[in-house]
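Participant: This one is target31.cif, mmCIF, C-alpha atoms and all ligand atoms.
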```
data_run
loop_
_atom_site.label_atom_id
_atom_site.label_comp_id
_atom_site.auth_asym_id
_atom_site.auth_seq_id
_atom_site.Cartn_x
_atom_site.Cartn_y
_atom_site.Cartn_z
CA MET A 1 71.49 234.05 172.42
CA SER A 2 74.04 236.22 174.26
CA ASN A 3 77.72 236.01 173.55
CA LYS A 4 78.21 234.57 177.01
CA GLN A 5 75.71 231.75 176.33
CA THR A 6 77.32 230.99 172.93
CA ALA A 7 80.74 230.70 174.55
CA GLN A 8 79.30 228.42 177.24
CA ASN A 9 77.63 226.20 174.59
CA LYS A 10 80.90 225.91 172.69
CA ARG A 11 82.70 224.91 175.88
CA ILE A 12 80.10 222.25 176.68
CA GLN A 13 80.27 220.87 173.12
CA LYS A 14 84.07 220.73 173.37
CA GLN A 15 83.85 218.87 176.69
CA LEU A 16 81.38 216.41 175.17
CA ARG A 17 83.72 215.77 172.21
CA GLN A 18 86.65 215.20 174.55
CA GLU A 19 84.57 212.84 176.68
CA LYS A 20 83.54 210.87 173.53
CA ALA A 21 87.18 210.64 172.40
CA ARG A 22 88.21 209.39 175.86
CA ARG A 23 85.52 206.70 175.77
CA ARG A 24 86.55 205.66 172.27
CA ASN A 25 90.16 205.34 173.41
CA LYS A 26 89.10 203.27 176.41
CA VAL A 27 87.08 200.86 174.20
CA GLN A 28 90.03 200.54 171.81
CA GLN A 29 92.40 199.82 174.69
CA LEU A 30 90.01 197.22 176.06
CA MET A 31 89.82 195.54 172.63
CA VAL A 32 93.62 195.44 172.32
CA TRP A 33 93.90 193.90 175.79
CA THR A 34 91.19 191.32 175.08
CA LEU A 35 92.87 190.35 171.81
CA GLY A 36 96.20 190.12 173.63
CA VAL A 37 94.76 187.83 176.30
CA ILE A 38 93.10 185.60 173.67
CA LEU A 39 96.34 185.41 171.69
CA LEU A 40 98.31 184.52 174.81
CA GLY A 41 95.76 181.80 175.58
CA VAL A 42 96.18 180.32 172.10
CA VAL A 43 99.99 180.39 172.40
CA VAL A 44 99.83 178.65 175.81
CA LEU A 45 97.44 175.99 174.43
CA VAL A 46 99.67 175.27 171.43
CA PHE A 47 102.71 175.03 173.72
CA VAL A 48 100.97 172.70 176.20
CA ASN A 49 99.80 170.49 173.31
CA ALA A 50 103.29 170.35 171.88
CA MET A 51 104.72 169.41 175.27
CA SER A 52 102.19 166.70 176.11
CA GLY A 53 101.77 165.08 172.67
CA PRO A 54 104.01 162.38 171.18
CA LYS A 55 107.40 163.83 170.33
CA ALA A 56 108.36 162.24 167.04
CA GLY A 57 112.04 162.71 166.37
CA ALA A 58 112.96 163.32 170.01
CA THR A 59 115.48 161.37 172.06
CA VAL A 60 113.89 158.48 173.96
CA GLU A 61 114.96 157.35 177.43
CA ALA A 62 116.20 153.73 177.50
CA GLN A 63 113.51 152.50 179.91
CA GLU A 64 110.75 153.49 177.45
CA PHE A 65 111.77 150.63 175.14
CA GLN A 66 111.47 147.98 177.90
CA TYR A 67 114.58 146.27 176.48
CA GLU A 68 114.34 143.39 178.94
CA LYS A 69 111.02 142.27 177.36
CA GLN A 70 112.13 142.48 173.72
CA PRO A 71 113.85 139.89 171.53
CA ALA A 72 117.51 140.86 171.33
CA LEU A 73 120.32 139.98 168.96
CA GLY A 74 123.87 140.28 170.26
CA SER A 75 125.56 140.79 173.60
CA ALA A 76 123.69 142.37 176.50
CA ASP A 77 126.97 144.18 177.32
CA ALA A 78 127.07 145.91 173.92
CA PRO A 79 127.52 149.67 174.43
CA VAL A 80 125.15 150.53 171.59
CA LYS A 81 121.51 149.48 171.74
CA ILE A 82 119.51 149.60 168.53
CA VAL A 83 115.74 149.25 168.43
CA GLU A 84 113.79 148.42 165.31
CA PHE A 85 110.03 148.99 165.27
CA ALA A 86 108.71 146.79 162.50
CA ASP A 87 105.78 144.98 160.90
CA PHE A 88 106.36 141.54 159.33
CA LYS A 89 104.06 142.57 156.46
CA CYS A 90 105.92 145.76 155.67
CA PRO A 91 108.04 145.56 152.48
CA ALA A 92 110.39 148.28 153.73
CA CYS A 93 111.02 146.21 156.88
CA LYS A 94 111.97 143.29 154.64
CA GLN A 95 114.31 145.63 152.80
CA PHE A 96 115.90 146.70 156.11
CA ASP A 97 116.30 143.04 157.09
CA GLN A 98 117.90 142.11 153.79
CA THR A 99 120.08 145.14 153.06
CA ILE A 100 121.04 146.80 156.37
CA LEU A 101 120.90 143.99 158.92
CA PRO A 102 123.56 141.71 157.34
CA GLN A 103 126.14 144.53 157.37
CA LEU A 104 125.09 145.64 160.84
CA GLN A 105 125.36 142.12 162.18
CA LYS A 106 128.77 141.42 160.65
CA GLU A 107 130.35 144.72 161.57
CA TYR A 108 128.78 145.46 164.95
CA VAL A 109 126.44 142.83 166.44
CA ASP A 110 128.85 139.89 166.08
CA LYS A 111 131.66 142.03 167.50
CA GLY A 112 129.73 142.87 170.66
CA VAL A 113 129.33 146.55 169.85
CA VAL A 114 125.61 146.55 169.06
CA GLN A 115 122.66 144.76 170.58
CA LEU A 116 119.61 144.87 168.32
CA HIS A 117 116.07 144.81 169.74
CA PHE A 118 112.81 144.17 167.96
CA ILE A 119 109.49 145.85 168.84
CA ASN A 120 106.24 145.10 167.01
CA PHE A 121 104.40 147.92 165.31
CA PRO A 122 101.70 146.26 163.18
CA ILE A 123 100.76 149.04 160.80
CA ILE A 124 100.03 147.58 157.31
CA SER A 125 96.93 145.63 158.41
CA PRO A 126 96.73 146.17 162.16
CA ASN A 127 93.31 144.52 162.36
CA ALA A 128 94.30 141.50 160.30
CA ASP A 129 97.46 139.56 159.53
CA SER A 130 100.04 142.19 160.54
CA ARG A 131 98.75 141.52 164.06
CA THR A 132 98.67 137.74 163.53
CA ALA A 133 102.31 137.78 162.44
CA ALA A 134 103.26 139.97 165.41
CA ILE A 135 101.51 137.57 167.81
CA ALA A 136 103.32 134.67 166.10
CA GLY A 137 106.66 136.40 166.66
CA GLU A 138 105.87 136.87 170.35
CA ALA A 139 104.77 133.20 170.57
CA VAL A 140 108.03 131.99 169.02
CA TYR A 141 110.02 134.26 171.34
CA SER A 142 108.15 133.00 174.40
CA GLN A 143 108.67 129.36 173.44
CA LYS A 144 112.32 129.68 172.43
CA PRO A 145 113.93 133.15 172.62
CA ASP A 146 116.88 132.09 170.44
CA ALA A 147 114.53 131.11 167.61
CA PHE A 148 113.05 134.59 167.28
CA TRP A 149 115.61 136.06 164.86
CA LYS A 150 115.55 132.95 162.66
CA PHE A 151 111.77 133.32 162.52
CA TYR A 152 112.18 137.02 161.73
CA GLU A 153 114.50 136.18 158.80
CA ALA A 154 112.24 133.38 157.59
CA VAL A 155 109.05 135.48 157.65
CA TYR A 156 110.69 138.28 155.67
CA ALA A 157 112.13 135.75 153.22
CA GLN A 158 108.62 134.40 152.59
CA GLN A 159 106.80 137.72 152.94
CA GLY A 160 103.63 137.89 150.82
CA ASP A 161 101.94 140.77 149.04
CA GLU A 162 101.13 143.54 151.50
CA ARG A 163 97.64 143.88 149.96
CA LEU A 164 96.79 140.23 150.66
CA ASN A 165 95.91 138.49 153.91
CA TRP A 166 98.70 135.89 153.74
CA ALA A 167 100.06 135.73 157.30
CA THR A 168 97.63 133.10 158.59
CA SER A 169 98.50 130.80 161.50
CA ASP A 170 98.96 127.90 159.06
CA LYS A 171 101.35 129.89 156.88
CA LEU A 172 103.33 131.23 159.88
CA VAL A 173 103.68 127.75 161.40
CA GLN A 174 104.78 126.41 158.00
CA ILE A 175 107.42 129.17 157.81
CA ALA A 176 108.66 128.14 161.29
CA LYS A 177 108.81 124.49 160.19
CA ASP A 178 110.61 125.33 156.93
CA ALA A 179 113.19 127.27 158.93
CA ASN A 180 113.64 124.23 161.19
CA LEU A 181 113.12 126.23 164.36
CA GLN A 182 112.54 123.03 166.36
CA LEU A 183 109.56 124.33 168.26
CA ASP A 184 106.41 122.69 169.51
CA TYR A 185 104.53 123.55 166.32
CA ASP A 186 101.10 122.51 167.64
CA LYS A 187 101.58 124.84 170.57
CA LEU A 188 102.73 127.60 168.22
CA LYS A 189 99.60 127.15 166.07
CA ALA A 190 97.34 127.18 169.16
CA ASP A 191 99.10 130.26 170.60
CA ILE A 192 98.57 132.14 167.34
CA ASP A 193 94.92 131.04 166.96
CA ASP A 194 94.15 131.81 170.63
CA LYS A 195 95.94 135.19 170.33
CA LYS A 196 97.79 134.21 173.47
CA PHE A 197 100.36 136.98 173.13
CA ALA A 198 98.00 139.73 171.93
CA GLN A 199 98.72 141.78 175.04
CA ASN A 200 102.50 141.67 174.35
CA VAL A 201 101.80 143.14 170.92
CA ARG A 202 99.54 145.82 172.41
CA ASP A 203 102.31 146.65 174.92
CA ASP A 204 104.71 147.12 172.00
CA GLU A 205 102.22 149.35 170.20
CA ALA A 206 101.80 151.40 173.37
CA ILE A 207 105.55 152.09 173.33
CA ALA A 208 105.39 153.11 169.65
CA ASN A 209 102.40 155.36 170.23
CA LYS A 210 103.89 156.95 173.32
CA ILE A 211 107.04 158.00 171.51
CA GLY A 212 105.09 159.10 168.42
CA ILE A 213 106.14 156.60 165.77
CA HIS A 214 104.06 156.63 162.60
CA SER A 215 105.91 154.39 160.14
CA THR A 216 107.97 151.20 159.87
CA PRO A 217 110.76 150.45 160.03
CA THR A 218 111.68 153.08 162.61
CA VAL A 219 115.11 152.71 164.14
CA TYR A 220 116.61 154.14 167.31
CA ILE A 221 120.28 154.08 168.22
CA ASN A 222 120.87 154.53 171.95
CA GLY A 223 117.56 156.36 172.11
CA GLN A 224 118.34 158.68 169.17
CA PRO A 225 115.91 158.33 166.27
CA VAL A 226 117.40 157.56 162.87
CA ALA A 227 115.90 159.98 160.33
CA GLU A 228 113.57 158.29 157.85
CA LYS A 229 115.90 159.19 154.96
CA ASP A 230 118.84 157.49 156.75
CA THR A 231 117.08 154.21 157.62
CA PHE A 232 118.37 152.53 154.44
CA ASP A 233 121.66 154.37 154.34
CA TYR A 234 124.18 152.08 156.00
CA ALA A 235 126.89 154.76 156.02
CA ALA A 236 124.58 157.08 157.97
CA ILE A 237 123.68 154.32 160.43
CA LYS A 238 127.37 153.43 160.83
CA ASN A 239 128.14 157.07 161.56
CA LEU A 240 125.43 157.19 164.26
CA ILE A 241 126.74 153.96 165.82
CA GLU A 242 130.29 155.33 165.93
CA LYS A 243 129.03 158.53 167.56
CA SER A 244 126.95 156.58 170.14
CA LYS A 245 129.88 154.27 170.84
CA GLY A 246 132.05 157.31 171.59
CA GLU A 247 129.44 158.82 173.88
CA THR A 248 129.15 155.67 176.00
CA GLY A 249 132.93 155.78 176.38
CA LYS A 250 133.74 152.41 174.83
CA CA B 1 107.67 142.82 172.12
#
```
Would you encode the structure as structure tokens?
Ligand code: CA

Facilitator:
Amino acid sequence: MSNKQTAQNKRIQKQLRQEKARRRNKVQQLMVWTLGVILLGVVVLVFVNAMSGPKAGATVEAQEFQYEKQPALGSADAPVKIVEFADFKCPACKQFDQTILPQLQKEYVDKGVVQLHFINFPIISPNADSRTAAIAGEAVYSQKPDAFWKFYEAVYAQQGDERLNWATSDKLVQIAKDANLQLDYDKLKADIDDKKFAQNVRDDEAIANKIGIHSTPTVYINGQPVAEKDTFDYAAIKNLIEKSKGETGK
């Protein structure tokens, strides 16, 4: 081979190496871009999911609670609206009723500062007596709105073991009678047995699910969720009420 040919061969080999390196770079660039696009897609998906899913812990607009349909304690003109999502079978709900509610009622509800609303969220045994008790509550409310909170108190006072199926129509009617609610008890029994107000309970659950509630009792003060750790802390609740009162300018 002549010197000229050797030089030419070397040049060609060099060109081939450069061409290979260029191709390698191109493939690497393409891989980086593809990974980038996939990553961006994942980020967008996560974001969209976060935006469209239930937002536990977020502020809830007043109309979401459908206040006008819910049993209410206290003045409709009260500047602070509190919502309690509860299950008559839930021991913690009984605790809220017996430890927080009396103070809340004395200090705020009776003074026209707070109006308390109740929304069913049957969670302990949603396919059994948690639902029966919720339907009973709606039936009492429909028959005699003023009797609802007495029924609420009476059911918690006679609450059975959460592992047992105690909230039967007979038991719930007996509780109403013992509390002297002065209702048409035969109608109450029939309404419970016929599940006449099942849809009202489902409507309540739809509210709970929409706003992402997963436990009871869950409490909102003017649409602001009370943190789980503060639900049984009256001082914390009082603080939130005072803040809400200030914000509504009263
Ligand atoms: Ca309701």

Participant: List the neighbours of Ile124 of chain A out to 10 Å using only C-alpha atoms; skip same-chain residues closer than 3 positions along the sequence, and give me the result as a PyMOL selection string.

Facilitator: chain A and resi 87-91+121+127-131+162-163+215-216

Participant: Pull C-alpha atoms from the residues just selected and write them as a tab-separated table (two decimals), in the frame of the given file.

Facilitator:
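Written out: part.tsv:
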```
chain	number	residue	atom	x	y	z
A	87	ASP	CA	105.78	144.98	160.90
A	88	PHE	CA	106.36	141.54	159.33
A	89	LYS	CA	104.06	142.57	156.46
A	90	CYS	CA	105.92	145.76	155.67
A	91	PRO	CA	108.04	145.56	152.48
A	121	PHE	CA	104.40	147.92	165.31
A	127	ASN	CA	93.31	144.52	162.36
A	128	ALA	CA	94.30	141.50	160.30
A	129	ASP	CA	97.46	139.56	159.53
A	130	SER	CA	100.04	142.19	160.54
A	131	ARG	CA	98.75	141.52	164.06
A	162	GLU	CA	101.13	143.54	151.50
A	163	ARG	CA	97.64	143.88	149.96
A	215	SER	CA	105.91	154.39	160.14
A	216	THR	CA	107.97	151.20	159.87
```

Participant: Contacts of Lys94 of chain A at 10 Å or less, counting all atoms listed in the file, minus same-chain residues fewer than 2 places along, as a VMD selection string?

Facilitator: chain A and resid 86 to 92 96 to 101 152 to 153 155 to 159 217

Participant: Counting only C-alpha atoms, which residue out of A:Ala7, A:Ala236, A:Val109, A:Ala167 sits closest to Ala72 of chain A?

Facilitator: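 So, comparing all the options, the nearest one is A:Val109.
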
Participant: Can you work out which residues are within 10 Å of ligand CA 1 (chain B), considering only C-alpha atoms and all ligand atoms, and then hand them over as a PyMOL selection string?

Facilitator: chain A and resi 65-71+85+117-121+134-135+137-138+141+197+199-205+207

Participant: Could you please give me, as a list in words, the residues of protein, DNA or RNA lying at most 8 Å from (106.3, 129.6, 171.0) in the coordinate frame of the file, considering all atoms listed in the file?

Facilitator: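 Nearby residues: Ala136, Glu138, Ala139, Val140, Tyr141, Ser142, Gln143, Lys144, Leu183, Asp184, Tyr185, Lys187, Leu188 and Asp191 of chain A.
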
Participant: So what do you get for atom CA of Ala208 of chain A versus atom CA of Pro79 of chain A, distance-wise?

Facilitator: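 About the pair atom CA of Ala208 of chain A and atom CA of Pro79 of chain A: they are 22.9 Å apart.
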
Participant: What does the distance between atom CA of Gln182 of chain A and atom CA of Leu73 of chain A come to in Å, to one decimal place?

Facilitator: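 Separating atom CA of Gln182 of chain A from atom CA of Leu73 of chain A is a distance of 18.8 Å.
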
Participant: Atom CA of Ile241 of chain A and atom CA of Lys111 of chain A, how far apart in Å?

Facilitator: 13.0 Å

Participant: When you count all atoms listed in the file, which of these residues is closest to Lys81 of chain A: A:Asn222, A:Gln103, A:Ser169, A:Ser244?

Facilitator: A:Asn222

Participant: Which is closer to Val113 of chain A than all the others in A:Thr132, A:Ser75, A:Asn165, A:Gln29, using only C-alpha atoms?

Facilitator: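 Closest residue, counting only C-alpha atoms: A:Ser75.
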
Participant: Have segment 178-191 of chain A completed to N, CA, C and O atoms, please, and pass it along as a short mmCIF file (atom, residue, chain, number, x, y, z; two decimals), in the coordinates of the input.

Facilitator:
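rebuild34.cif written:
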```cif
data_model
loop_
_atom_site.label_atom_id
_atom_site.label_comp_id
_atom_site.auth_asym_id
_atom_site.auth_seq_id
_atom_site.Cartn_x
_atom_site.Cartn_y
_atom_site.Cartn_z
N ASP A 178 109.64 125.26 158.03
CA ASP A 178 110.61 125.33 156.93
C ASP A 178 111.96 125.82 157.42
O ASP A 178 113.01 125.44 156.91
N ALA A 179 111.93 126.70 158.41
CA ALA A 179 113.19 127.27 158.93
C ALA A 179 113.81 126.35 159.99
O ALA A 179 114.84 126.69 160.57
N ASN A 180 113.14 125.24 160.24
CA ASN A 180 113.64 124.23 161.19
C ASN A 180 113.92 124.85 162.58
O ASN A 180 115.01 124.68 163.13
N LEU A 181 112.94 125.55 163.08
CA LEU A 181 113.12 126.23 164.36
C LEU A 181 113.05 125.29 165.56
O LEU A 181 113.35 125.68 166.68
N GLN A 182 112.64 124.05 165.31
CA GLN A 182 112.54 123.03 166.36
C GLN A 182 111.73 123.51 167.55
O GLN A 182 112.20 123.56 168.69
N LEU A 183 110.51 123.88 167.23
CA LEU A 183 109.56 124.33 168.26
C LEU A 183 108.48 123.27 168.42
O LEU A 183 108.40 122.33 167.63
N ASP A 184 107.64 123.46 169.41
CA ASP A 184 106.41 122.69 169.51
C ASP A 184 105.42 123.40 168.57
O ASP A 184 104.83 124.42 168.92
N TYR A 185 105.30 122.85 167.35
CA TYR A 185 104.53 123.55 166.32
C TYR A 185 103.02 123.58 166.61
O TYR A 185 102.33 124.52 166.22
N ASP A 186 102.53 122.51 167.29
CA ASP A 186 101.10 122.51 167.64
C ASP A 186 100.82 123.63 168.64
O ASP A 186 99.80 124.31 168.57
N LYS A 187 101.74 123.78 169.57
CA LYS A 187 101.58 124.84 170.57
C LYS A 187 101.66 126.21 169.88
O LYS A 187 100.87 127.11 170.18
N LEU A 188 102.59 126.34 168.94
CA LEU A 188 102.73 127.60 168.22
C LEU A 188 101.42 127.94 167.50
O LEU A 188 100.92 129.06 167.59
N LYS A 189 100.87 126.94 166.82
CA LYS A 189 99.60 127.15 166.07
C LYS A 189 98.48 127.56 167.04
O LYS A 189 97.74 128.51 166.77
N ALA A 190 98.39 126.87 168.18
CA ALA A 190 97.34 127.18 169.16
C ALA A 190 97.56 128.59 169.74
O ALA A 190 96.60 129.35 169.90
N ASP A 191 98.82 128.92 170.03
CA ASP A 191 99.10 130.26 170.60
C ASP A 191 98.71 131.37 169.63
O ASP A 191 98.21 132.43 170.05
#
```
